[in-house]
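Notes for the one structure printed next.
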Amino acid sequence: MGINILGMGRYLPEQTITNADFEKFVETDDEWIRTRTGISERRMAGWEPSWYMGSEAAKQAVERAGINPEEIGVVICCTITSDFLTPSMASIIQHNIGAKNAMAFDLNAACTGFVYGVDTAKRFLDTDENMKYALVVSTEALSRFVDFEDRGSCILFGDGSAAAVIEKSDKIYSSYLASDGSGAEFLMARSLNVAPEIAVDNGYEDPFSWTKMHKLMQNGKEVYKFATSALPKAFEKAAEKIGVTKDDISWFIPHQANVRIIETAAKKLGVSMDKFIVTLDKFGNTSSASIPMAMVDAIENGTLKRGQKIALIGFGAGLTYGGIVLEY
Ligand code: COA
């Protein structure tokens, strides 16, 4: 069994932060950022809550899907930037959109979140014959977690949200989800509850002072290295399960982290960059929201059409990675 993506929605915060804006508080410049990352600008939520952005994206997805929200059986919210430790963003979104018959929970697979979320939703649809629709929402307010003193990371991230209503179908579908926790310390934000000495005792370096609590820290080079192998592998593993080849794919929709990562992955796969959807220039890296935000872009500008086979491929903190091959 496969899935049909019935409708998708997106919410973009109004405020745009350009590369030039970063020049005011870190030593950087537009040219460095554009040539090293492909990013020109990104959105910033300010104090708009993650749940608000997620609810708006979800409402649009439900409206475009043309369904009654009461028929949604599960709301999965993919996020690493929840407004609360508890309750989940999913429960709040469930209430805001009137999905009163749905179970709801958050899923943290970092930037691979949407890939994990769609696959998890499919497994619910597969195993519950009474479940008609699933809603997967990715919502991220990374600007509240980046370290604006670290020029190597703060320039990468942006905020935004996107959502998809999914139903069962007999279209083709395959997935491959993976994790390599040995790379956990390469991309991490420490929670309030973990004292530095405990982190160190458990083998994690402690590069933060207490003032850097909650801030995203990364080893850019290690993440880069991981990503350039993870993306091609995620596609190949998912595709080989159902005998799909790269030539069958109309669009590759990768996690939007760095255009050089995407170019390297394309080269390794032997696929032209023309087949990759890239929205990095205007939104930066919005973690779990980057793949569905790019999908909405491609749907709205007519690039992504019904009947086309696509590959969603992601990687992120964990280190997680994964791919889905499906027909849109
Ligand atoms: N502006 C200007 N210079 C900067 C800079 C910035 N914003 N950030 C870093 N630099 C400097 C570095 O300090 C370094 O200077 P030095 O040579 O004097 O020490 C120089 O630029 C080169 O740094 P380097 O880290 O080698 O750059 P890079 O080409 O590897 O690019 C990243 C850095 C972060 C853009 C890149 O490693 C990357 O994208 N990694 C993956 C990160 C990622 O995707 N994270 C999220 C995953 S979900």
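Chain labels follow the order of the structure tokens: the first chain is A, the next B, and so on; residue numbering restarts at 1 in every chain, and ligands are counted from 1 in their shown order.
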Residues near Asp150 (chain A), cut-off 12 Å, only C-alpha atoms, skip fewer than 5 positions along chain, as a list of chain:residue names |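 Using only C-alpha atoms, the neighbours found are A:Phe22, A:Phe25, A:Val26, A:Glu27, A:Thr28, A:Phe145, A:Ile155, A:Leu156, A:Phe157, A:Phe208, A:Lys212, A:Lys215, A:Leu216, A:Met217, A:Gln218, A:Asn219, A:Gly220.
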Could you turn the residues from that selection into a file that holds N, CA, C and O atoms, as an mmCIF file, in the first residue's frame?
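Saved as out12.cif:
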```
data_model
loop_
_atom_site.group_PDB
_atom_site.id
_atom_site.type_symbol
_atom_site.label_atom_id
_atom_site.label_comp_id
_atom_site.auth_asym_id
_atom_site.auth_seq_id
_atom_site.Cartn_x
_atom_site.Cartn_y
_atom_site.Cartn_z
ATOM 1 N N PHE A 22 23.090 40.056 8.922
ATOM 2 C CA PHE A 22 24.025 39.370 9.831
ATOM 3 C C PHE A 22 25.328 40.151 10.004
ATOM 4 O O PHE A 22 26.010 39.997 11.004
ATOM 5 N N PHE A 25 25.960 41.983 13.313
ATOM 6 C CA PHE A 25 26.344 41.430 14.629
ATOM 7 C C PHE A 25 27.364 40.299 14.600
ATOM 8 O O PHE A 25 27.848 39.890 15.642
ATOM 9 N N VAL A 26 27.717 39.756 13.426
ATOM 10 C CA VAL A 26 28.851 38.828 13.363
ATOM 11 C C VAL A 26 29.741 39.219 12.189
ATOM 12 O O VAL A 26 29.288 39.906 11.259
ATOM 13 N N GLU A 27 30.992 38.777 12.250
ATOM 14 C CA GLU A 27 31.908 39.112 11.166
ATOM 15 C C GLU A 27 31.637 38.174 9.988
ATOM 16 O O GLU A 27 32.083 37.016 9.976
ATOM 17 N N THR A 28 30.858 38.660 9.053
ATOM 18 C CA THR A 28 30.519 37.845 7.893
ATOM 19 C C THR A 28 30.135 38.780 6.754
ATOM 20 O O THR A 28 30.116 39.994 6.923
ATOM 21 N N PHE A 145 16.739 29.316 18.776
ATOM 22 C CA PHE A 145 17.700 28.343 19.310
ATOM 23 C C PHE A 145 19.111 28.509 18.756
ATOM 24 O O PHE A 145 20.023 27.861 19.223
ATOM 25 N N ILE A 155 24.018 31.764 10.522
ATOM 26 C CA ILE A 155 23.624 32.220 9.182
ATOM 27 C C ILE A 155 22.841 31.155 8.409
ATOM 28 O O ILE A 155 22.270 31.429 7.363
ATOM 29 N N LEU A 156 22.849 29.921 8.929
ATOM 30 C CA LEU A 156 22.273 28.807 8.159
ATOM 31 C C LEU A 156 20.756 28.671 8.311
ATOM 32 O O LEU A 156 20.089 28.198 7.398
ATOM 33 N N PHE A 157 20.240 29.052 9.490
ATOM 34 C CA PHE A 157 18.897 28.590 9.842
ATOM 35 C C PHE A 157 17.806 29.644 9.663
ATOM 36 O O PHE A 157 18.057 30.846 9.763
ATOM 37 N N PHE A 208 29.868 24.239 25.606
ATOM 38 C CA PHE A 208 29.042 25.371 26.001
ATOM 39 C C PHE A 208 29.361 25.884 27.393
ATOM 40 O O PHE A 208 29.653 25.134 28.295
ATOM 41 N N LYS A 212 25.045 29.296 27.032
ATOM 42 C CA LYS A 212 24.720 28.768 25.699
ATOM 43 C C LYS A 212 23.666 27.662 25.782
ATOM 44 O O LYS A 212 23.466 26.919 24.842
ATOM 45 N N LYS A 215 21.226 26.384 22.962
ATOM 46 C CA LYS A 215 21.679 26.872 21.658
ATOM 47 C C LYS A 215 22.181 25.715 20.803
ATOM 48 O O LYS A 215 22.834 24.795 21.293
ATOM 49 N N LEU A 216 21.893 25.821 19.516
ATOM 50 C CA LEU A 216 22.358 24.791 18.584
ATOM 51 C C LEU A 216 23.852 24.912 18.396
ATOM 52 O O LEU A 216 24.363 26.013 18.170
ATOM 53 N N MET A 217 24.552 23.808 18.527
ATOM 54 C CA MET A 217 25.972 23.845 18.213
ATOM 55 C C MET A 217 26.273 22.717 17.231
ATOM 56 O O MET A 217 25.616 21.676 17.242
ATOM 57 N N GLN A 218 27.195 22.969 16.356
ATOM 58 C CA GLN A 218 27.484 21.933 15.369
ATOM 59 C C GLN A 218 28.963 21.900 15.032
ATOM 60 O O GLN A 218 29.681 22.881 15.165
ATOM 61 N N ASN A 219 29.370 20.745 14.588
ATOM 62 C CA ASN A 219 30.670 20.606 13.958
ATOM 63 C C ASN A 219 30.361 20.566 12.453
ATOM 64 O O ASN A 219 30.009 19.525 11.897
ATOM 65 N N GLY A 220 30.447 21.746 11.840
ATOM 66 C CA GLY A 220 29.999 21.910 10.450
ATOM 67 C C GLY A 220 30.651 20.943 9.481
ATOM 68 O O GLY A 220 29.985 20.377 8.609
#
```
For chain A against ligand 1, with a cut-off of 9 Å and counting only C-alpha atoms and all ligand atoms, what is the closest atom pair and its distance in Å to one decimal for every residue that makes the cut, ordered by chain and number, as a tab-separated table?
```
residue	atom	partner	partner_atom_place_in_ligand_line	distance
A:Phe22	CA	ligand 1	7 (N)	8.4
A:Glu23	CA	ligand 1	1 (N)	8.7
A:Val26	CA	ligand 1	7 (N)	7.5
A:Glu27	CA	ligand 1	1 (N)	6.1
A:Thr28	CA	ligand 1	1 (N)	3.6
A:Asp29	CA	ligand 1	1 (N)	5.9
A:Asp30	CA	ligand 1	1 (N)	8.2
A:Glu31	CA	ligand 1	1 (N)	8.7
A:Trp32	CA	ligand 1	1 (N)	5.6
A:Ile33	CA	ligand 1	7 (N)	5.9
A:Thr35	CA	ligand 1	29 (O)	8.9
A:Arg36	CA	ligand 1	35 (C)	5.5
A:Thr37	CA	ligand 1	35 (C)	5.5
A:Ala110	CA	ligand 1	48 (S)	7.4
A:Cys111	CA	ligand 1	48 (S)	5.4
A:Thr112	CA	ligand 1	48 (S)	8.2
A:Asp150	CA	ligand 1	8 (N)	7.8
A:Arg151	CA	ligand 1	7 (N)	4.3
A:Gly152	CA	ligand 1	8 (N)	3.5
A:Ser153	CA	ligand 1	34 (C)	5.8
A:Cys154	CA	ligand 1	7 (N)	7.6
A:Ile155	CA	ligand 1	7 (N)	5.9
A:Leu156	CA	ligand 1	45 (N)	7.3
A:Phe157	CA	ligand 1	46 (C)	8.0
A:Leu187	CA	ligand 1	47 (C)	7.3
A:Gln218	CA	ligand 1	45 (N)	6.7
A:Asn219	CA	ligand 1	42 (C)	7.3
A:Gly220	CA	ligand 1	40 (N)	3.7
A:Lys221	CA	ligand 1	37 (O)	4.4
A:Glu222	CA	ligand 1	40 (N)	7.3
A:Val223	CA	ligand 1	41 (C)	4.9
A:Tyr224	CA	ligand 1	41 (C)	4.1
A:Lys225	CA	ligand 1	41 (C)	7.8
A:Phe226	CA	ligand 1	41 (C)	8.8
A:Ala227	CA	ligand 1	44 (O)	7.5
A:His255	CA	ligand 1	48 (S)	7.7
A:Gln256	CA	ligand 1	48 (S)	8.1
A:Ala257	CA	ligand 1	44 (O)	4.5
A:Asn258	CA	ligand 1	39 (O)	5.2
A:Val259	CA	ligand 1	39 (O)	8.4
A:Arg260	CA	ligand 1	39 (O)	7.7
A:Ile261	CA	ligand 1	39 (O)	7.3
A:Asn285	CA	ligand 1	46 (C)	7.2
A:Thr286	CA	ligand 1	48 (S)	8.6
A:Ser287	CA	ligand 1	48 (S)	6.1
A:Ser288	CA	ligand 1	48 (S)	8.8
A:Gly314	CA	ligand 1	48 (S)	8.5
A:Phe315	CA	ligand 1	48 (S)	6.2
A:Gly316	CA	ligand 1	48 (S)	4.1
A:Ala317	CA	ligand 1	48 (S)	6.2
A:Leu319	CA	ligand 1	48 (S)	9.0
```
Residue with smallest distance to Thr245 (chain A) - pool A:Val325, A:Arg10, A:Ala230, A:Ile313, counting only C-alpha atoms = A:Val325
Write down as a PyMOL selection string the residues belonging to region 11-248 of chain A that are assigned alpha helix (DSSP H) by DSSP computed on the backbone.
-> chain A and resi 19-22+30-37+50-65+89-97+113-127+151-154+196-201+220-241
Using only C-alpha atoms, please write the residues we just selected to a file, as a PDB file, in the first residue's frame.
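For reference, again.pdb as written:
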```pdb
ATOM      1  CA  ASN A  19      22.671  38.030   4.717  1.00  0.00           C
ATOM      2  CA  ALA A  20      23.494  41.730   5.035  1.00  0.00           C
ATOM      3  CA  ASP A  21      21.537  41.842   8.320  1.00  0.00           C
ATOM      4  CA  PHE A  22      24.025  39.370   9.831  1.00  0.00           C
ATOM      5  CA  ASP A  30      26.772  38.285   1.885  1.00  0.00           C
ATOM      6  CA  GLU A  31      29.272  36.830  -0.559  1.00  0.00           C
ATOM      7  CA  TRP A  32      30.718  34.341   1.955  1.00  0.00           C
ATOM      8  CA  ILE A  33      27.271  33.139   2.952  1.00  0.00           C
ATOM      9  CA  ARG A  34      25.974  32.820  -0.615  1.00  0.00           C
ATOM     10  CA  THR A  35      29.015  31.049  -2.020  1.00  0.00           C
ATOM     11  CA  ARG A  36      29.508  28.675   0.965  1.00  0.00           C
ATOM     12  CA  THR A  37      25.839  27.854   1.562  1.00  0.00           C
ATOM     13  CA  SER A  50       5.830  27.246  16.710  1.00  0.00           C
ATOM     14  CA  TRP A  51       2.306  25.998  17.395  1.00  0.00           C
ATOM     15  CA  TYR A  52       0.831  29.065  15.688  1.00  0.00           C
ATOM     16  CA  MET A  53       2.897  28.578  12.536  1.00  0.00           C
ATOM     17  CA  GLY A  54       2.121  24.856  12.532  1.00  0.00           C
ATOM     18  CA  SER A  55      -1.604  25.464  13.011  1.00  0.00           C
ATOM     19  CA  GLU A  56      -1.718  27.918  10.098  1.00  0.00           C
ATOM     20  CA  ALA A  57       0.119  25.515   7.782  1.00  0.00           C
ATOM     21  CA  ALA A  58      -2.139  22.660   8.913  1.00  0.00           C
ATOM     22  CA  LYS A  59      -5.329  24.672   8.324  1.00  0.00           C
ATOM     23  CA  GLN A  60      -4.213  25.398   4.774  1.00  0.00           C
ATOM     24  CA  ALA A  61      -3.327  21.741   4.154  1.00  0.00           C
ATOM     25  CA  VAL A  62      -6.743  20.606   5.442  1.00  0.00           C
ATOM     26  CA  GLU A  63      -8.516  23.227   3.333  1.00  0.00           C
ATOM     27  CA  ARG A  64      -6.603  22.265   0.194  1.00  0.00           C
ATOM     28  CA  ALA A  65      -7.245  18.576   0.884  1.00  0.00           C
ATOM     29  CA  MET A  89       2.817  20.920  19.581  1.00  0.00           C
ATOM     30  CA  ALA A  90       0.699  18.221  17.940  1.00  0.00           C
ATOM     31  CA  SER A  91      -1.972  18.377  20.658  1.00  0.00           C
ATOM     32  CA  ILE A  92      -2.202  22.147  20.379  1.00  0.00           C
ATOM     33  CA  ILE A  93      -2.401  22.013  16.577  1.00  0.00           C
ATOM     34  CA  GLN A  94      -4.985  19.218  16.796  1.00  0.00           C
ATOM     35  CA  HIS A  95      -7.201  21.481  18.918  1.00  0.00           C
ATOM     36  CA  ASN A  96      -6.641  24.578  16.759  1.00  0.00           C
ATOM     37  CA  ILE A  97      -7.717  22.871  13.551  1.00  0.00           C
ATOM     38  CA  GLY A 113      11.582  14.856  10.761  1.00  0.00           C
ATOM     39  CA  PHE A 114       9.187  15.146   7.833  1.00  0.00           C
ATOM     40  CA  VAL A 115      10.525  11.961   6.214  1.00  0.00           C
ATOM     41  CA  TYR A 116      10.135  10.112   9.528  1.00  0.00           C
ATOM     42  CA  GLY A 117       6.737  11.754  10.070  1.00  0.00           C
ATOM     43  CA  VAL A 118       5.266  10.769   6.705  1.00  0.00           C
ATOM     44  CA  ASP A 119       6.530   7.214   7.085  1.00  0.00           C
ATOM     45  CA  THR A 120       5.128   6.966  10.610  1.00  0.00           C
ATOM     46  CA  ALA A 121       1.778   8.317   9.385  1.00  0.00           C
ATOM     47  CA  LYS A 122       1.751   5.716   6.635  1.00  0.00           C
ATOM     48  CA  ARG A 123       2.320   2.935   9.174  1.00  0.00           C
ATOM     49  CA  PHE A 124      -0.735   4.135  11.165  1.00  0.00           C
ATOM     50  CA  LEU A 125      -2.825   4.219   7.987  1.00  0.00           C
ATOM     51  CA  ASP A 126      -1.550   0.748   7.036  1.00  0.00           C
ATOM     52  CA  THR A 127      -2.447  -0.855  10.335  1.00  0.00           C
ATOM     53  CA  ARG A 151      28.908  32.948  12.617  1.00  0.00           C
ATOM     54  CA  GLY A 152      29.498  29.384  11.419  1.00  0.00           C
ATOM     55  CA  SER A 153      25.955  28.297  12.329  1.00  0.00           C
ATOM     56  CA  CYS A 154      23.636  31.287  12.865  1.00  0.00           C
ATOM     57  CA  PRO A 196      27.594  19.721  31.662  1.00  0.00           C
ATOM     58  CA  GLU A 197      29.470  17.253  33.906  1.00  0.00           C
ATOM     59  CA  ILE A 198      26.869  14.559  33.180  1.00  0.00           C
ATOM     60  CA  ALA A 199      27.170  15.195  29.453  1.00  0.00           C
ATOM     61  CA  VAL A 200      30.944  14.941  29.735  1.00  0.00           C
ATOM     62  CA  ASP A 201      30.709  11.760  31.837  1.00  0.00           C
ATOM     63  CA  GLY A 220      29.999  21.910  10.450  1.00  0.00           C
ATOM     64  CA  LYS A 221      32.670  19.868   8.724  1.00  0.00           C
ATOM     65  CA  GLU A 222      31.537  16.550  10.257  1.00  0.00           C
ATOM     66  CA  VAL A 223      27.885  17.257   9.489  1.00  0.00           C
ATOM     67  CA  TYR A 224      28.826  18.176   5.927  1.00  0.00           C
ATOM     68  CA  LYS A 225      30.754  14.941   5.462  1.00  0.00           C
ATOM     69  CA  PHE A 226      27.895  12.866   6.879  1.00  0.00           C
ATOM     70  CA  ALA A 227      25.260  14.638   4.795  1.00  0.00           C
ATOM     71  CA  THR A 228      26.961  14.122   1.460  1.00  0.00           C
ATOM     72  CA  SER A 229      26.892  10.318   1.946  1.00  0.00           C
ATOM     73  CA  ALA A 230      23.567  10.144   3.817  1.00  0.00           C
ATOM     74  CA  LEU A 231      21.500  11.830   1.101  1.00  0.00           C
ATOM     75  CA  PRO A 232      22.483   9.504  -1.790  1.00  0.00           C
ATOM     76  CA  LYS A 233      22.265   6.450   0.476  1.00  0.00           C
ATOM     77  CA  ALA A 234      18.783   7.424   1.686  1.00  0.00           C
ATOM     78  CA  PHE A 235      17.537   7.557  -1.896  1.00  0.00           C
ATOM     79  CA  GLU A 236      19.292   4.415  -3.097  1.00  0.00           C
ATOM     80  CA  LYS A 237      18.107   2.291  -0.156  1.00  0.00           C
ATOM     81  CA  ALA A 238      14.487   3.418  -0.528  1.00  0.00           C
ATOM     82  CA  ALA A 239      14.473   3.143  -4.327  1.00  0.00           C
ATOM     83  CA  GLU A 240      16.056  -0.315  -4.577  1.00  0.00           C
ATOM     84  CA  LYS A 241      13.300  -1.849  -2.416  1.00  0.00           C
TER      85      LYS A 241
END
```
Given the choices A:Leu85, A:Ala163, A:Leu326, A:Ala109, which gets closest to Ile3 (chain A) if the distance is worked out from only C-alpha atoms?
->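 Answer, going by the shortest atom-to-atom distance: A:Leu326.
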As a check of understanding: the span from CA of Ser191 (chain A) to CA of Met213 (chain A) is 6.7 Å
Across A:Ser169, A:Asn68, A:Thr303, A:Thr18, the smallest distance to Ala102 (chain A), with only C-alpha atoms counted, is shown by A:Asn68
Go through region 14-245 of chain A and collect every residue that DSSP, computed from the backbone, puts in strand (DSSP E); the answer should be as a PDB file with C-alpha atoms, in the first residue's frame.
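Below you can see out-v2.pdb, which holds the result:
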```
ATOM      1  CA  GLN A  15       9.990  39.028   8.687  1.00  0.00           C
ATOM      2  CA  THR A  16      12.878  38.361   6.292  1.00  0.00           C
ATOM      3  CA  ILE A  17      16.489  38.405   7.460  1.00  0.00           C
ATOM      4  CA  THR A  18      19.014  38.975   4.686  1.00  0.00           C
ATOM      5  CA  GLU A  41      17.719  35.217   3.080  1.00  0.00           C
ATOM      6  CA  ARG A  42      15.528  33.384   5.583  1.00  0.00           C
ATOM      7  CA  ARG A  43      12.311  34.041   7.503  1.00  0.00           C
ATOM      8  CA  MET A  44      12.262  34.819  11.201  1.00  0.00           C
ATOM      9  CA  ILE A  72      -8.152  12.960  10.752  1.00  0.00           C
ATOM     10  CA  GLY A  73      -6.992   9.980  12.809  1.00  0.00           C
ATOM     11  CA  VAL A  74      -3.511  11.114  13.757  1.00  0.00           C
ATOM     12  CA  VAL A  75      -1.664  14.430  13.978  1.00  0.00           C
ATOM     13  CA  ILE A  76       2.100  14.072  13.962  1.00  0.00           C
ATOM     14  CA  CYS A  77       4.079  17.241  14.557  1.00  0.00           C
ATOM     15  CA  CYS A  78       7.728  17.079  13.545  1.00  0.00           C
ATOM     16  CA  MET A 103      -4.410  11.108  18.442  1.00  0.00           C
ATOM     17  CA  ALA A 104      -1.534  13.574  18.544  1.00  0.00           C
ATOM     18  CA  PHE A 105       2.151  13.444  19.305  1.00  0.00           C
ATOM     19  CA  ASP A 106       5.429  15.167  18.443  1.00  0.00           C
ATOM     20  CA  LEU A 107       8.262  13.478  16.635  1.00  0.00           C
ATOM     21  CA  TYR A 133      -6.495  10.641   7.057  1.00  0.00           C
ATOM     22  CA  ALA A 134      -3.231  11.501   8.762  1.00  0.00           C
ATOM     23  CA  LEU A 135      -1.823  14.993   9.186  1.00  0.00           C
ATOM     24  CA  VAL A 136       1.929  15.554   9.297  1.00  0.00           C
ATOM     25  CA  VAL A 137       3.042  19.041  10.326  1.00  0.00           C
ATOM     26  CA  SER A 138       6.594  20.329  10.477  1.00  0.00           C
ATOM     27  CA  THR A 139       7.024  23.558  12.358  1.00  0.00           C
ATOM     28  CA  GLU A 140      10.299  25.176  13.338  1.00  0.00           C
ATOM     29  CA  ALA A 141      11.363  28.425  14.989  1.00  0.00           C
ATOM     30  CA  ASP A 159      11.859  29.603  10.494  1.00  0.00           C
ATOM     31  CA  GLY A 160       8.702  28.283   8.888  1.00  0.00           C
ATOM     32  CA  SER A 161       6.133  25.556   8.773  1.00  0.00           C
ATOM     33  CA  ALA A 162       4.472  23.192   6.314  1.00  0.00           C
ATOM     34  CA  ALA A 163       1.934  20.383   6.553  1.00  0.00           C
ATOM     35  CA  ALA A 164       0.482  17.506   4.553  1.00  0.00           C
ATOM     36  CA  VAL A 165      -2.793  15.599   4.716  1.00  0.00           C
ATOM     37  CA  ILE A 166      -2.195  11.993   3.750  1.00  0.00           C
ATOM     38  CA  GLU A 167      -4.536   9.141   2.854  1.00  0.00           C
ATOM     39  CA  LYS A 168      -4.071   5.502   1.836  1.00  0.00           C
ATOM     40  CA  SER A 169      -3.673   4.754  -1.848  1.00  0.00           C
ATOM     41  CA  TYR A 173       5.792   3.948  -2.014  1.00  0.00           C
ATOM     42  CA  SER A 174       9.034   2.988  -0.365  1.00  0.00           C
ATOM     43  CA  SER A 175      11.022   4.308   2.542  1.00  0.00           C
ATOM     44  CA  TYR A 176      14.332   3.904   4.294  1.00  0.00           C
ATOM     45  CA  LEU A 177      14.858   5.416   7.752  1.00  0.00           C
ATOM     46  CA  ALA A 178      18.153   5.340   9.604  1.00  0.00           C
ATOM     47  CA  SER A 179      20.099   6.780  12.500  1.00  0.00           C
ATOM     48  CA  LEU A 187      24.788  18.630  16.034  1.00  0.00           C
ATOM     49  CA  MET A 188      23.151  19.283  19.348  1.00  0.00           C
ATOM     50  CA  ALA A 189      21.251  21.686  21.594  1.00  0.00           C
ATOM     51  CA  LEU A 216      22.358  24.791  18.584  1.00  0.00           C
ATOM     52  CA  MET A 217      25.972  23.845  18.213  1.00  0.00           C
ATOM     53  CA  GLN A 218      27.484  21.933  15.369  1.00  0.00           C
TER      54      GLN A 218
END
```
Residues at most 12 Å from Asp248 (chain A), counting only C-alpha atoms, excluding those fewer than 4 positions away in the same chain, as number ranges by chain?
-> A: 172, 239-240, 242-244, 252, 271, 275, 307-311, 325-327
